[in-house]
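**Student:** Let me begin by handing over the structure; questions about it come next.
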Amino acid sequence: MPKNPYALAVSAVRRAVLNAYEEAVVRGELPAGAPEDFDVSEPRDKGHGDLAANFAMVWAKALKLNPRKVAEIIVADIDNGDFIEKLEIAGPGFVNITLTSAWYGQTLTAIDEAKADYGKSDYGHGKRVQVEFVSANPTGPMHLGNARGGVLGDVLSSIFQWTGFYCEREFYLNDTGNQVDLLGKSMESRFFELLGDEVSYPFPEDGYHGDDVKEHAKAYIELHGDSLKDAPEAERRTKLRDFALERNIARMKEDLARYRIVHDVWFKESSLYGEGGAVDIALADMKKNDAVYEADGALWFAATKFGSEKDEVLRKGTGFYTYYMGDIAYHYNKFVIRGFDTVIDIWGADHHGHAIRFASAMRAIGLEPTRLKFILMQLVRLVRGGEIVRMSKRTGKAVSLSDLLDEIPVDAARFFFCSRQNDTQMDFDLDIAVKEDSDNPVYYVQYAHARICSILRNLLAEGIAPKPAAEVDFTKLTAPEELELIKHLAKLPQELIMAADSLDPSRMTKYVMETAATFHKFYNACRVRGEEQSVMDARLKLCELTAQVLRNVLTIINITCPDRM
RNA sequence: GCGCCCAUAGCUCAGCUGGAUAGAGUGUUUGGCUACGAACCAAAAGGUCACAGGUUCGAGUCCUGUUGGGCGCGCCA
């Protein structure tokens, strides 16, 4: 498994401090009873060293001593080990730590050993995680919310895979229920229209008015003729509905593939129903837990017994199950039947009420609610020329994912949607996204990579290639810009772990932008070509490894990493 | 009415889960290529972190209230 240089430094510091404390207690210099928990992290201000520890301030209260006094005692007798160069007491009692050149060298060596795997860890210990995302209604084209959720889910899944989880990407296909029936009715109406009968089946008031339905109906007639005209109504609607669904699903898969998203599983809602299906099993469980009752001709979930504010209908008076029941059965299937340890559902923020209510459903089927996590995305608004864009110019309907991809490159779209935290509302500025220059952050990052490739090419043309890490003297790297860059590269594995913990893929775009910025600063401060041999070797290696890190992160975000641009 | 989310520089956003003098990008002003890619870098300017309390060594970050914006409260999905 690749190393995590940042975590190694942090734990080395922590161990050294705790050891020094134990010895101080034995000598009677400090009282026992200090809490073990304290923070070792990178200080905000770079002038405060590579790492800073706050143990003195955390302990001061418990030990009834002045924080600076505590710090002095610990620092006076600490064993520096391999990684700590020096410790300084500062401010109210912070201890600032400078790391040794050995640590910097080991960091670069670790990256060189792991290469395309650098960043990976076994943090997840193979735990099974499922990320369900997009799950767009198959009654029409995907919208911008799906575009945002698509990238979030896709990148989050990659983050889980990089941090040692087993992760599947899933699309929940709502192929049954009112909305889909309405699609069947809309198809039926278009079908008769095309056959010249506009009166027998008037278009449903709340039907799907889009041209896509007309096209589906036309295609059906071209393929199968008009035989359905005389078929029983139910059969006709079902056939037309399924035909439209299949075509919509195929189109969604195409659009998603174009967007570089491939789901492992497309799970059909309809498969939950029927004899012995997940609905039956989950319902039996709920009955066992005394969670259901009948009233007013409907079957109810006694959600108030499980923490909700009001009860919910599971089976309507019509005999059909509600979406809620389907969703309970679906999650029963995920956890109990398929054995996922954790499930992440990525939904639009308009579903947050449902997300909150779902905790009681989890309890009712005997599952710990925290195993199910929701990411609720706020709305996306398109902005062009300072104005909010509501409709697509071409179709007059809401802007769809494929409309968006017609207009801007996939790299830019993915990077942009991944660059904001999911709980913020976001404005997508088309003017910037469409620009292929440095205003667009994705090019800033790609430029850094192309620039490094150019350096490597130029030197290779002169017969100079990067050497293996073991043959490079990294102690030659001493400039602040060099050390900053190495420190930043060291953080990738930890950054991935934090992204997995906080379910926040935007950390990766932030990280890679900072990687690019840190490199550009180094580039402007330090030359590679023409320096003394050992310095050149070290800097060239640093360039090569920076490019490697950029590639690894861009692979996670799944955007291209050009050698030239 | 009740519930969830949000509010940080003119604009778009960070702020490492409570740390030291609140940071980037963009826009404005200025400087840096006969030297590895100037799609870059450096500097200046720009702030009552919506408002008022509270918690503690320490609050943009946590708790309460207020204001303003988004969303939700169905035998819809």
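For the structure tokens, the naming scheme is as follows: chains receive sequential letters (A, B, ...) according to their order of presentation, residues are indexed from 1 within each chain, and ligands are indexed from 1 in presentation order.
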When you look at Val155 of chain A with a cut-off of 10 Å (counting only C-alpha atoms (C1' of nucleotides)), what residues show up, excluding the ones that are within fewer than 6 positions of it in the same chain? I need them as a PyMOL selection string.
**Tutor:** chain A and resi 149+161+261+414+418+504-506+508+555-558
**Student:** Report the closest atom pair, with its distance in Å rounded to one decimal, for each residue of chain A that has an atom no farther than 8 Å from chain B; count only C-alpha atoms (C1' of nucleotides), sort by chain and then rising residue number, and write it as JSON lines.
**Tutor:**
```
{"residue": "A:Glu42", "atom": "CA", "partner": "B:C16", "partner_atom": "C1'", "distance": 7.9}
{"residue": "A:Asp45", "atom": "CA", "partner": "B:A20", "partner_atom": "C1'", "distance": 8.0}
{"residue": "A:Met57", "atom": "CA", "partner": "B:C57", "partner_atom": "C1'", "distance": 7.4}
{"residue": "A:Gly91", "atom": "CA", "partner": "B:A20", "partner_atom": "C1'", "distance": 6.4}
{"residue": "A:Gly177", "atom": "CA", "partner": "B:A77", "partner_atom": "C1'", "distance": 7.9}
{"residue": "A:Asn178", "atom": "CA", "partner": "B:A77", "partner_atom": "C1'", "distance": 7.7}
{"residue": "A:Gln179", "atom": "CA", "partner": "B:A77", "partner_atom": "C1'", "distance": 7.2}
{"residue": "A:Ala298", "atom": "CA", "partner": "B:C75", "partner_atom": "C1'", "distance": 7.0}
{"residue": "A:Val313", "atom": "CA", "partner": "B:C75", "partner_atom": "C1'", "distance": 6.3}
{"residue": "A:Arg315", "atom": "CA", "partner": "B:C75", "partner_atom": "C1'", "distance": 7.4}
{"residue": "A:Lys316", "atom": "CA", "partner": "B:C75", "partner_atom": "C1'", "distance": 4.6}
{"residue": "A:Gly317", "atom": "CA", "partner": "B:C75", "partner_atom": "C1'", "distance": 6.2}
{"residue": "A:Thr322", "atom": "CA", "partner": "B:C75", "partner_atom": "C1'", "distance": 8.0}
{"residue": "A:Tyr323", "atom": "CA", "partner": "B:A77", "partner_atom": "C1'", "distance": 6.2}
{"residue": "A:Ala349", "atom": "CA", "partner": "B:C71", "partner_atom": "C1'", "distance": 6.6}
{"residue": "A:Asp350", "atom": "CA", "partner": "B:C71", "partner_atom": "C1'", "distance": 5.5}
{"residue": "A:His351", "atom": "CA", "partner": "B:G72", "partner_atom": "C1'", "distance": 7.3}
{"residue": "A:His352", "atom": "CA", "partner": "B:C4", "partner_atom": "C1'", "distance": 6.6}
{"residue": "A:Gly353", "atom": "CA", "partner": "B:G72", "partner_atom": "C1'", "distance": 5.7}
{"residue": "A:Arg420", "atom": "CA", "partner": "B:C13", "partner_atom": "C1'", "distance": 8.0}
{"residue": "A:Asp423", "atom": "CA", "partner": "B:C5", "partner_atom": "C1'", "distance": 7.0}
{"residue": "A:Thr424", "atom": "CA", "partner": "B:C6", "partner_atom": "C1'", "distance": 6.8}
{"residue": "A:Gln425", "atom": "CA", "partner": "B:C6", "partner_atom": "C1'", "distance": 7.7}
{"residue": "A:Asp437", "atom": "CA", "partner": "B:A39", "partner_atom": "C1'", "distance": 5.5}
{"residue": "A:Ser438", "atom": "CA", "partner": "B:A39", "partner_atom": "C1'", "distance": 5.1}
{"residue": "A:Asp439", "atom": "CA", "partner": "B:U26", "partner_atom": "C1'", "distance": 7.7}
{"residue": "A:Tyr443", "atom": "CA", "partner": "B:A39", "partner_atom": "C1'", "distance": 7.0}
{"residue": "A:Tyr444", "atom": "CA", "partner": "B:A39", "partner_atom": "C1'", "distance": 6.8}
{"residue": "A:Tyr447", "atom": "CA", "partner": "B:A39", "partner_atom": "C1'", "distance": 6.5}
{"residue": "A:Ala450", "atom": "CA", "partner": "B:G37", "partner_atom": "C1'", "distance": 7.9}
{"residue": "A:Arg451", "atom": "CA", "partner": "B:G37", "partner_atom": "C1'", "distance": 5.5}
{"residue": "A:Ser454", "atom": "CA", "partner": "B:G37", "partner_atom": "C1'", "distance": 6.9}
{"residue": "A:Ile455", "atom": "CA", "partner": "B:C36", "partner_atom": "C1'", "distance": 5.3}
{"residue": "A:Asn458", "atom": "CA", "partner": "B:C36", "partner_atom": "C1'", "distance": 7.1}
{"residue": "A:Leu459", "atom": "CA", "partner": "B:C36", "partner_atom": "C1'", "distance": 7.8}
{"residue": "A:His520", "atom": "CA", "partner": "B:C40", "partner_atom": "C1'", "distance": 6.6}
{"residue": "A:Lys521", "atom": "CA", "partner": "B:C41", "partner_atom": "C1'", "distance": 6.4}
{"residue": "A:Asn524", "atom": "CA", "partner": "B:C41", "partner_atom": "C1'", "distance": 5.9}
{"residue": "A:Arg527", "atom": "CA", "partner": "B:C36", "partner_atom": "C1'", "distance": 7.0}
{"residue": "A:Val528", "atom": "CA", "partner": "B:C36", "partner_atom": "C1'", "distance": 6.4}
{"residue": "A:Arg529", "atom": "CA", "partner": "B:C36", "partner_atom": "C1'", "distance": 5.4}
```
**Student:** Neighbouring residues of segment 47-54 of chain B were defined as those with any atom within 9 Å, considering only C-alpha atoms (C1' of nucleotides); residues of the same chain fewer than 3 positions away were excluded. Please report them as a PDB file with N, CA and C atoms (P, O5', C5', C4', C3', O3' and C1' of nucleotides), in the first residue's frame.
**Tutor:**
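Generated file (part-v1.pdb):
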```pdb
ATOM      1  P     A B   7     -23.017  29.985   4.093  1.00  0.00           P
ATOM      2  O5'   A B   7     -23.541  31.466   3.833  1.00  0.00           O
ATOM      3  C5'   A B   7     -23.417  32.063   2.546  1.00  0.00           C
ATOM      4  C4'   A B   7     -24.015  33.449   2.562  1.00  0.00           C
ATOM      5  C3'   A B   7     -23.237  34.460   3.403  1.00  0.00           C
ATOM      6  O3'   A B   7     -23.275  35.737   2.773  1.00  0.00           O
ATOM      7  C1'   A B   7     -25.453  34.292   4.201  1.00  0.00           C
ATOM      8  P     U B   8     -22.066  36.130   1.813  1.00  0.00           P
ATOM      9  O5'   U B   8     -20.850  36.051   2.824  1.00  0.00           O
ATOM     10  C5'   U B   8     -20.681  37.048   3.813  1.00  0.00           C
ATOM     11  C4'   U B   8     -19.234  37.179   4.187  1.00  0.00           C
ATOM     12  C3'   U B   8     -18.292  37.500   3.026  1.00  0.00           C
ATOM     13  O3'   U B   8     -18.282  38.880   2.706  1.00  0.00           O
ATOM     14  C1'   U B   8     -17.391  35.718   4.256  1.00  0.00           C
ATOM     15  P     A B   9     -18.197  39.286   1.184  1.00  0.00           P
ATOM     16  O5'   A B   9     -16.754  39.952   1.036  1.00  0.00           O
ATOM     17  C5'   A B   9     -16.454  41.172   1.677  1.00  0.00           C
ATOM     18  C4'   A B   9     -15.576  42.037   0.802  1.00  0.00           C
ATOM     19  C3'   A B   9     -15.954  42.079  -0.674  1.00  0.00           C
ATOM     20  O3'   A B   9     -15.750  43.398  -1.176  1.00  0.00           O
ATOM     21  C1'   A B   9     -13.736  41.334  -0.466  1.00  0.00           C
ATOM     22  P     A B  22      -6.894  38.835  10.581  1.00  0.00           P
ATOM     23  O5'   A B  22      -7.073  37.834   9.344  1.00  0.00           O
ATOM     24  C5'   A B  22      -6.751  36.465   9.487  1.00  0.00           C
ATOM     25  C4'   A B  22      -7.592  35.633   8.548  1.00  0.00           C
ATOM     26  C3'   A B  22      -7.526  36.070   7.087  1.00  0.00           C
ATOM     27  O3'   A B  22      -6.463  35.424   6.438  1.00  0.00           O
ATOM     28  C1'   A B  22      -9.780  35.747   7.742  1.00  0.00           C
ATOM     29  P     G B  60     -14.268  35.053  14.838  1.00  0.00           P
ATOM     30  O5'   G B  60     -14.944  34.822  13.422  1.00  0.00           O
ATOM     31  C5'   G B  60     -16.257  35.292  13.154  1.00  0.00           C
ATOM     32  C4'   G B  60     -16.884  34.484  12.065  1.00  0.00           C
ATOM     33  C3'   G B  60     -17.270  33.065  12.464  1.00  0.00           C
ATOM     34  O3'   G B  60     -18.569  33.047  13.029  1.00  0.00           O
ATOM     35  C1'   G B  60     -16.044  33.018  10.440  1.00  0.00           C
ATOM     36  P     C B  63     -24.565  24.177  16.715  1.00  0.00           P
ATOM     37  O5'   C B  63     -25.039  24.972  18.024  1.00  0.00           O
ATOM     38  C5'   C B  63     -25.601  24.230  19.092  1.00  0.00           C
ATOM     39  C4'   C B  63     -26.119  25.161  20.168  1.00  0.00           C
ATOM     40  C3'   C B  63     -27.215  26.119  19.718  1.00  0.00           C
ATOM     41  O3'   C B  63     -28.482  25.493  19.678  1.00  0.00           O
ATOM     42  C1'   C B  63     -25.615  27.286  21.002  1.00  0.00           C
ATOM     43  P     U B  64     -29.600  26.017  18.693  1.00  0.00           P
ATOM     44  O5'   U B  64     -30.075  27.348  19.419  1.00  0.00           O
ATOM     45  C5'   U B  64     -30.726  27.286  20.673  1.00  0.00           C
ATOM     46  C4'   U B  64     -31.061  28.669  21.160  1.00  0.00           C
ATOM     47  C3'   U B  64     -31.780  29.557  20.154  1.00  0.00           C
ATOM     48  O3'   U B  64     -33.172  29.292  20.082  1.00  0.00           O
ATOM     49  C1'   U B  64     -30.023  30.774  21.159  1.00  0.00           C
ATOM     50  P     G B  65     -33.902  29.502  18.686  1.00  0.00           P
ATOM     51  O5'   G B  65     -34.016  31.087  18.597  1.00  0.00           O
ATOM     52  C5'   G B  65     -34.848  31.804  19.513  1.00  0.00           C
ATOM     53  C4'   G B  65     -34.559  33.284  19.440  1.00  0.00           C
ATOM     54  C3'   G B  65     -34.807  33.937  18.086  1.00  0.00           C
ATOM     55  O3'   G B  65     -36.182  34.223  17.856  1.00  0.00           O
ATOM     56  C1'   G B  65     -32.716  34.648  18.920  1.00  0.00           C
ATOM     57  P     U B  66     -36.709  34.252  16.339  1.00  0.00           P
ATOM     58  O5'   U B  66     -36.067  35.582  15.766  1.00  0.00           O
ATOM     59  C5'   U B  66     -36.424  36.855  16.320  1.00  0.00           C
ATOM     60  C4'   U B  66     -35.673  37.967  15.637  1.00  0.00           C
ATOM     61  C3'   U B  66     -35.788  37.999  14.120  1.00  0.00           C
ATOM     62  O3'   U B  66     -36.981  38.620  13.678  1.00  0.00           O
ATOM     63  C1'   U B  66     -33.523  38.244  14.730  1.00  0.00           C
ATOM     64  P     U B  67     -37.613  38.161  12.265  1.00  0.00           P
ATOM     65  O5'   U B  67     -36.616  38.777  11.192  1.00  0.00           O
ATOM     66  C5'   U B  67     -36.486  40.195  11.058  1.00  0.00           C
ATOM     67  C4'   U B  67     -35.367  40.542  10.104  1.00  0.00           C
ATOM     68  C3'   U B  67     -35.487  39.956   8.707  1.00  0.00           C
ATOM     69  O3'   U B  67     -36.357  40.699   7.878  1.00  0.00           O
ATOM     70  C1'   U B  67     -33.291  39.627   9.502  1.00  0.00           C
ATOM     71  P     G B  68     -37.230  39.943   6.760  1.00  0.00           P
ATOM     72  O5'   G B  68     -36.159  39.507   5.670  1.00  0.00           O
ATOM     73  C5'   G B  68     -35.562  40.478   4.807  1.00  0.00           C
ATOM     74  C4'   G B  68     -34.430  39.875   4.032  1.00  0.00           C
ATOM     75  C3'   G B  68     -34.792  38.669   3.172  1.00  0.00           C
ATOM     76  O3'   G B  68     -35.376  39.024   1.936  1.00  0.00           O
ATOM     77  C1'   G B  68     -32.868  38.161   4.411  1.00  0.00           C
TER      78        G B  68
END
```
**Student:** Tell me, which residues of segment 17-179 of chain A carry DSSP strand (DSSP E or B), written as a PDB file with C-alpha atoms, in the first residue's frame?
**Tutor:**
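Now in part.pdb:
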```
ATOM      1  CA  VAL A  40      -1.353  18.198  15.151  1.00  0.00           C
ATOM      2  CA  SER A  41      -1.978  19.955  11.881  1.00  0.00           C
ATOM      3  CA  LEU A  51       3.160  21.390  11.619  1.00  0.00           C
ATOM      4  CA  ALA A  52       1.757  22.861  14.800  1.00  0.00           C
ATOM      5  CA  ALA A  53       0.574  21.093  17.940  1.00  0.00           C
ATOM      6  CA  ILE A  84      11.386  16.424  13.610  1.00  0.00           C
ATOM      7  CA  GLU A  85      14.056  19.010  12.852  1.00  0.00           C
ATOM      8  CA  LYS A  86      13.115  21.457  15.571  1.00  0.00           C
ATOM      9  CA  LEU A  87      10.300  22.584  17.862  1.00  0.00           C
ATOM     10  CA  GLU A  88       9.472  26.129  18.839  1.00  0.00           C
ATOM     11  CA  ILE A  89       7.026  27.450  21.387  1.00  0.00           C
ATOM     12  CA  ALA A  90       4.978  30.327  20.070  1.00  0.00           C
ATOM     13  CA  PHE A  94       1.470  26.470  20.258  1.00  0.00           C
ATOM     14  CA  VAL A  95       4.412  24.243  19.487  1.00  0.00           C
ATOM     15  CA  ASN A  96       5.577  24.726  15.940  1.00  0.00           C
ATOM     16  CA  ILE A  97       7.412  21.866  14.299  1.00  0.00           C
ATOM     17  CA  THR A  98       9.852  21.933  11.426  1.00  0.00           C
ATOM     18  CA  LEU A  99      10.289  18.662   9.586  1.00  0.00           C
ATOM     19  CA  ARG A 128     -18.953  -2.144   1.021  1.00  0.00           C
ATOM     20  CA  VAL A 129     -20.292   1.219  -0.045  1.00  0.00           C
ATOM     21  CA  GLN A 130     -22.915   1.973  -2.625  1.00  0.00           C
ATOM     22  CA  VAL A 131     -23.369   5.387  -4.151  1.00  0.00           C
ATOM     23  CA  GLU A 132     -26.716   5.920  -5.793  1.00  0.00           C
ATOM     24  CA  HIS A 143     -31.452  18.181 -16.386  1.00  0.00           C
ATOM     25  CA  TYR A 166     -15.454  -1.516  -2.220  1.00  0.00           C
ATOM     26  CA  CYS A 167     -17.800   0.839  -4.032  1.00  0.00           C
ATOM     27  CA  GLU A 168     -20.563   0.410  -6.584  1.00  0.00           C
ATOM     28  CA  ARG A 169     -22.231   3.114  -8.638  1.00  0.00           C
ATOM     29  CA  GLU A 170     -25.965   2.647  -8.924  1.00  0.00           C
ATOM     30  CA  PHE A 171     -28.785   4.188 -10.926  1.00  0.00           C
ATOM     31  CA  TYR A 172     -32.287   3.725  -9.496  1.00  0.00           C
ATOM     32  CA  LEU A 173     -34.676   3.461 -12.362  1.00  0.00           C
TER      33      LEU A 173
END
```
**Student:** Just give me the gap between atom CA of Ala479 of chain A and atom CA of Ile464 of chain A in Å, one decimal is fine.
**Tutor:**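 These atoms are spaced 22.5 Å apart.
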**Student:** What separation in Å, quoted to one decimal, exists between atom CA of Leu382 of chain A and atom CA of Arg148 of chain A?
**Tutor:**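 According to the coordinates, atom CA of Leu382 of chain A and atom CA of Arg148 of chain A are separated by 12.0 Å.
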**Student:** Quick check for you: according to DSSP on this backbone, which residues of segment 506-561 of chain A are classed as helix (DSSP H, G or I)? Reply as an MDAnalysis selection string.
**Tutor:** chainID A and resid 506:525 533:557
**Student:** Include N, CA and C atoms and write out the residues we just selected as a CSV table (one decimal), in the first residue's frame.
**Tutor:**
```csv
chain,number,residue,atom,x,y,z
A,506,SER,N,-15.5,18.0,-3.7
A,506,SER,CA,-14.9,19.2,-4.1
A,506,SER,C,-13.5,19.4,-3.5
A,507,ARG,N,-13.2,18.7,-2.5
A,507,ARG,CA,-11.9,18.8,-1.9
A,507,ARG,C,-10.8,18.4,-2.9
A,508,MET,N,-11.2,17.5,-3.9
A,508,MET,CA,-10.2,17.1,-4.9
A,508,MET,C,-9.9,18.2,-5.9
A,509,THR,N,-10.9,18.9,-6.3
A,509,THR,CA,-10.7,20.0,-7.2
A,509,THR,C,-9.9,21.1,-6.5
A,510,LYS,N,-10.2,21.4,-5.2
A,510,LYS,CA,-9.4,22.4,-4.5
A,510,LYS,C,-8.0,21.9,-4.4
A,511,TYR,N,-7.8,20.7,-4.1
A,511,TYR,CA,-6.4,20.2,-3.9
A,511,TYR,C,-5.6,20.3,-5.2
A,512,VAL,N,-6.2,20.0,-6.3
A,512,VAL,CA,-5.5,20.0,-7.5
A,512,VAL,C,-5.2,21.4,-8.0
A,513,MET,N,-6.1,22.3,-7.7
A,513,MET,CA,-5.9,23.7,-8.1
A,513,MET,C,-4.7,24.2,-7.3
A,514,GLU,N,-4.6,23.8,-6.0
A,514,GLU,CA,-3.5,24.3,-5.2
A,514,GLU,C,-2.2,23.6,-5.6
A,515,THR,N,-2.3,22.3,-6.1
A,515,THR,CA,-1.1,21.7,-6.6
A,515,THR,C,-0.6,22.5,-7.8
A,516,ALA,N,-1.5,22.9,-8.7
A,516,ALA,CA,-1.0,23.6,-9.8
A,516,ALA,C,-0.4,25.0,-9.4
A,517,ALA,N,-1.1,25.7,-8.5
A,517,ALA,CA,-0.6,27.0,-8.0
A,517,ALA,C,0.8,26.8,-7.4
A,518,THR,N,0.9,25.8,-6.5
A,518,THR,CA,2.2,25.6,-5.8
A,518,THR,C,3.3,25.3,-6.8
A,519,PHE,N,2.9,24.5,-7.8
A,519,PHE,CA,3.9,24.2,-8.9
A,519,PHE,C,4.3,25.5,-9.6
A,520,HIS,N,3.4,26.2,-10.1
A,520,HIS,CA,3.7,27.5,-10.8
A,520,HIS,C,4.6,28.4,-10.1
A,521,LYS,N,4.4,28.5,-8.8
A,521,LYS,CA,5.2,29.3,-7.9
A,521,LYS,C,6.6,28.8,-7.9
A,522,PHE,N,6.8,27.5,-7.7
A,522,PHE,CA,8.1,26.8,-7.8
A,522,PHE,C,8.8,27.1,-9.1
A,523,TYR,N,8.0,26.9,-10.2
A,523,TYR,CA,8.5,27.1,-11.5
A,523,TYR,C,9.1,28.5,-11.7
A,524,ASN,N,8.4,29.5,-11.2
A,524,ASN,CA,8.9,30.8,-11.4
A,524,ASN,C,10.1,31.2,-10.5
A,525,ALA,N,10.2,30.4,-9.4
A,525,ALA,CA,11.3,30.7,-8.5
A,525,ALA,C,12.6,29.9,-8.8
A,533,GLN,N,24.4,19.8,-11.6
A,533,GLN,CA,23.8,18.5,-11.8
A,533,GLN,C,22.9,18.0,-10.7
A,534,SER,N,23.4,18.0,-9.5
A,534,SER,CA,22.6,17.4,-8.4
A,534,SER,C,21.3,18.1,-8.2
A,535,VAL,N,21.4,19.5,-8.3
A,535,VAL,CA,20.2,20.3,-8.1
A,535,VAL,C,19.2,20.0,-9.2
A,536,MET,N,19.8,20.0,-10.4
A,536,MET,CA,18.9,19.7,-11.6
A,536,MET,C,18.2,18.4,-11.4
A,537,ASP,N,18.9,17.4,-11.0
A,537,ASP,CA,18.3,16.0,-10.9
A,537,ASP,C,17.2,16.1,-9.9
A,538,ALA,N,17.4,16.8,-8.8
A,538,ALA,CA,16.4,16.8,-7.7
A,538,ALA,C,15.2,17.6,-8.2
A,539,ARG,N,15.4,18.7,-8.9
A,539,ARG,CA,14.3,19.5,-9.3
A,539,ARG,C,13.5,18.8,-10.5
A,540,LEU,N,14.3,18.1,-11.3
A,540,LEU,CA,13.6,17.4,-12.4
A,540,LEU,C,12.7,16.3,-11.8
A,541,LYS,N,13.3,15.6,-10.8
A,541,LYS,CA,12.5,14.6,-10.2
A,541,LYS,C,11.2,15.2,-9.5
A,542,LEU,N,11.4,16.3,-8.9
A,542,LEU,CA,10.2,17.0,-8.3
A,542,LEU,C,9.2,17.3,-9.3
A,543,CYS,N,9.6,17.8,-10.5
A,543,CYS,CA,8.7,18.1,-11.6
A,543,CYS,C,7.9,16.8,-12.0
A,544,GLU,N,8.7,15.7,-12.2
A,544,GLU,CA,8.1,14.5,-12.7
A,544,GLU,C,7.0,14.0,-11.7
A,545,LEU,N,7.4,14.1,-10.4
A,545,LEU,CA,6.5,13.6,-9.4
A,545,LEU,C,5.2,14.5,-9.2
A,546,THR,N,5.4,15.8,-9.4
A,546,THR,CA,4.3,16.7,-9.4
A,546,THR,C,3.3,16.3,-10.5
A,547,ALA,N,3.9,16.1,-11.7
A,547,ALA,CA,3.0,15.7,-12.8
A,547,ALA,C,2.2,14.4,-12.5
A,548,GLN,N,2.9,13.5,-11.8
A,548,GLN,CA,2.3,12.2,-11.4
A,548,GLN,C,1.1,12.5,-10.5
A,549,VAL,N,1.3,13.4,-9.5
A,549,VAL,CA,0.2,13.7,-8.6
A,549,VAL,C,-0.9,14.4,-9.3
A,550,LEU,N,-0.6,15.3,-10.2
A,550,LEU,CA,-1.7,15.9,-11.0
A,550,LEU,C,-2.5,14.9,-11.8
A,551,ARG,N,-1.8,14.0,-12.4
A,551,ARG,CA,-2.5,12.9,-13.2
A,551,ARG,C,-3.4,12.1,-12.3
A,552,ASN,N,-2.8,11.7,-11.1
A,552,ASN,CA,-3.6,10.9,-10.2
A,552,ASN,C,-4.9,11.6,-9.8
A,553,VAL,N,-4.8,12.8,-9.5
A,553,VAL,CA,-6.0,13.5,-9.1
A,553,VAL,C,-7.0,13.8,-10.2
A,554,LEU,N,-6.5,14.1,-11.4
A,554,LEU,CA,-7.3,14.3,-12.5
A,554,LEU,C,-8.0,13.0,-13.0
A,555,THR,N,-7.3,11.9,-12.7
A,555,THR,CA,-7.9,10.6,-13.0
A,555,THR,C,-9.1,10.4,-12.0
A,556,ILE,N,-9.0,10.8,-10.8
A,556,ILE,CA,-10.1,10.7,-9.9
A,556,ILE,C,-11.3,11.5,-10.3
A,557,ILE,N,-11.0,12.8,-10.7
A,557,ILE,CA,-12.1,13.6,-11.2
A,557,ILE,C,-12.5,13.2,-12.6
```
**Student:** Could you list, as a ChimeraX atom specification, every residue within 12 Å of Asp226 of chain A, counting only C-alpha atoms (C1' of nucleotides) and ignoring same-chain residues fewer than 2 positions away?
**Tutor:** /A:188,191-197,217-224,228-231,236,240
**Student:** Could you name the residues that touch Phe83 of chain A at 10 Å or less, counting only C-alpha atoms (C1' of nucleotides), but leaving out those on the same chain fewer than 3 positions away, as a PyMOL selection string?
**Tutor:** chain A and resi 8-10+12-13+80+86+97-104+106
**Student:** Could you state the separation of atom CA of Gly326 of chain A and atom CA of Ser158 of chain A in Å, given to one decimal place?
**Tutor:**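 Calculated distance between atom CA of Gly326 of chain A and atom CA of Ser158 of chain A is 28.1 Å.
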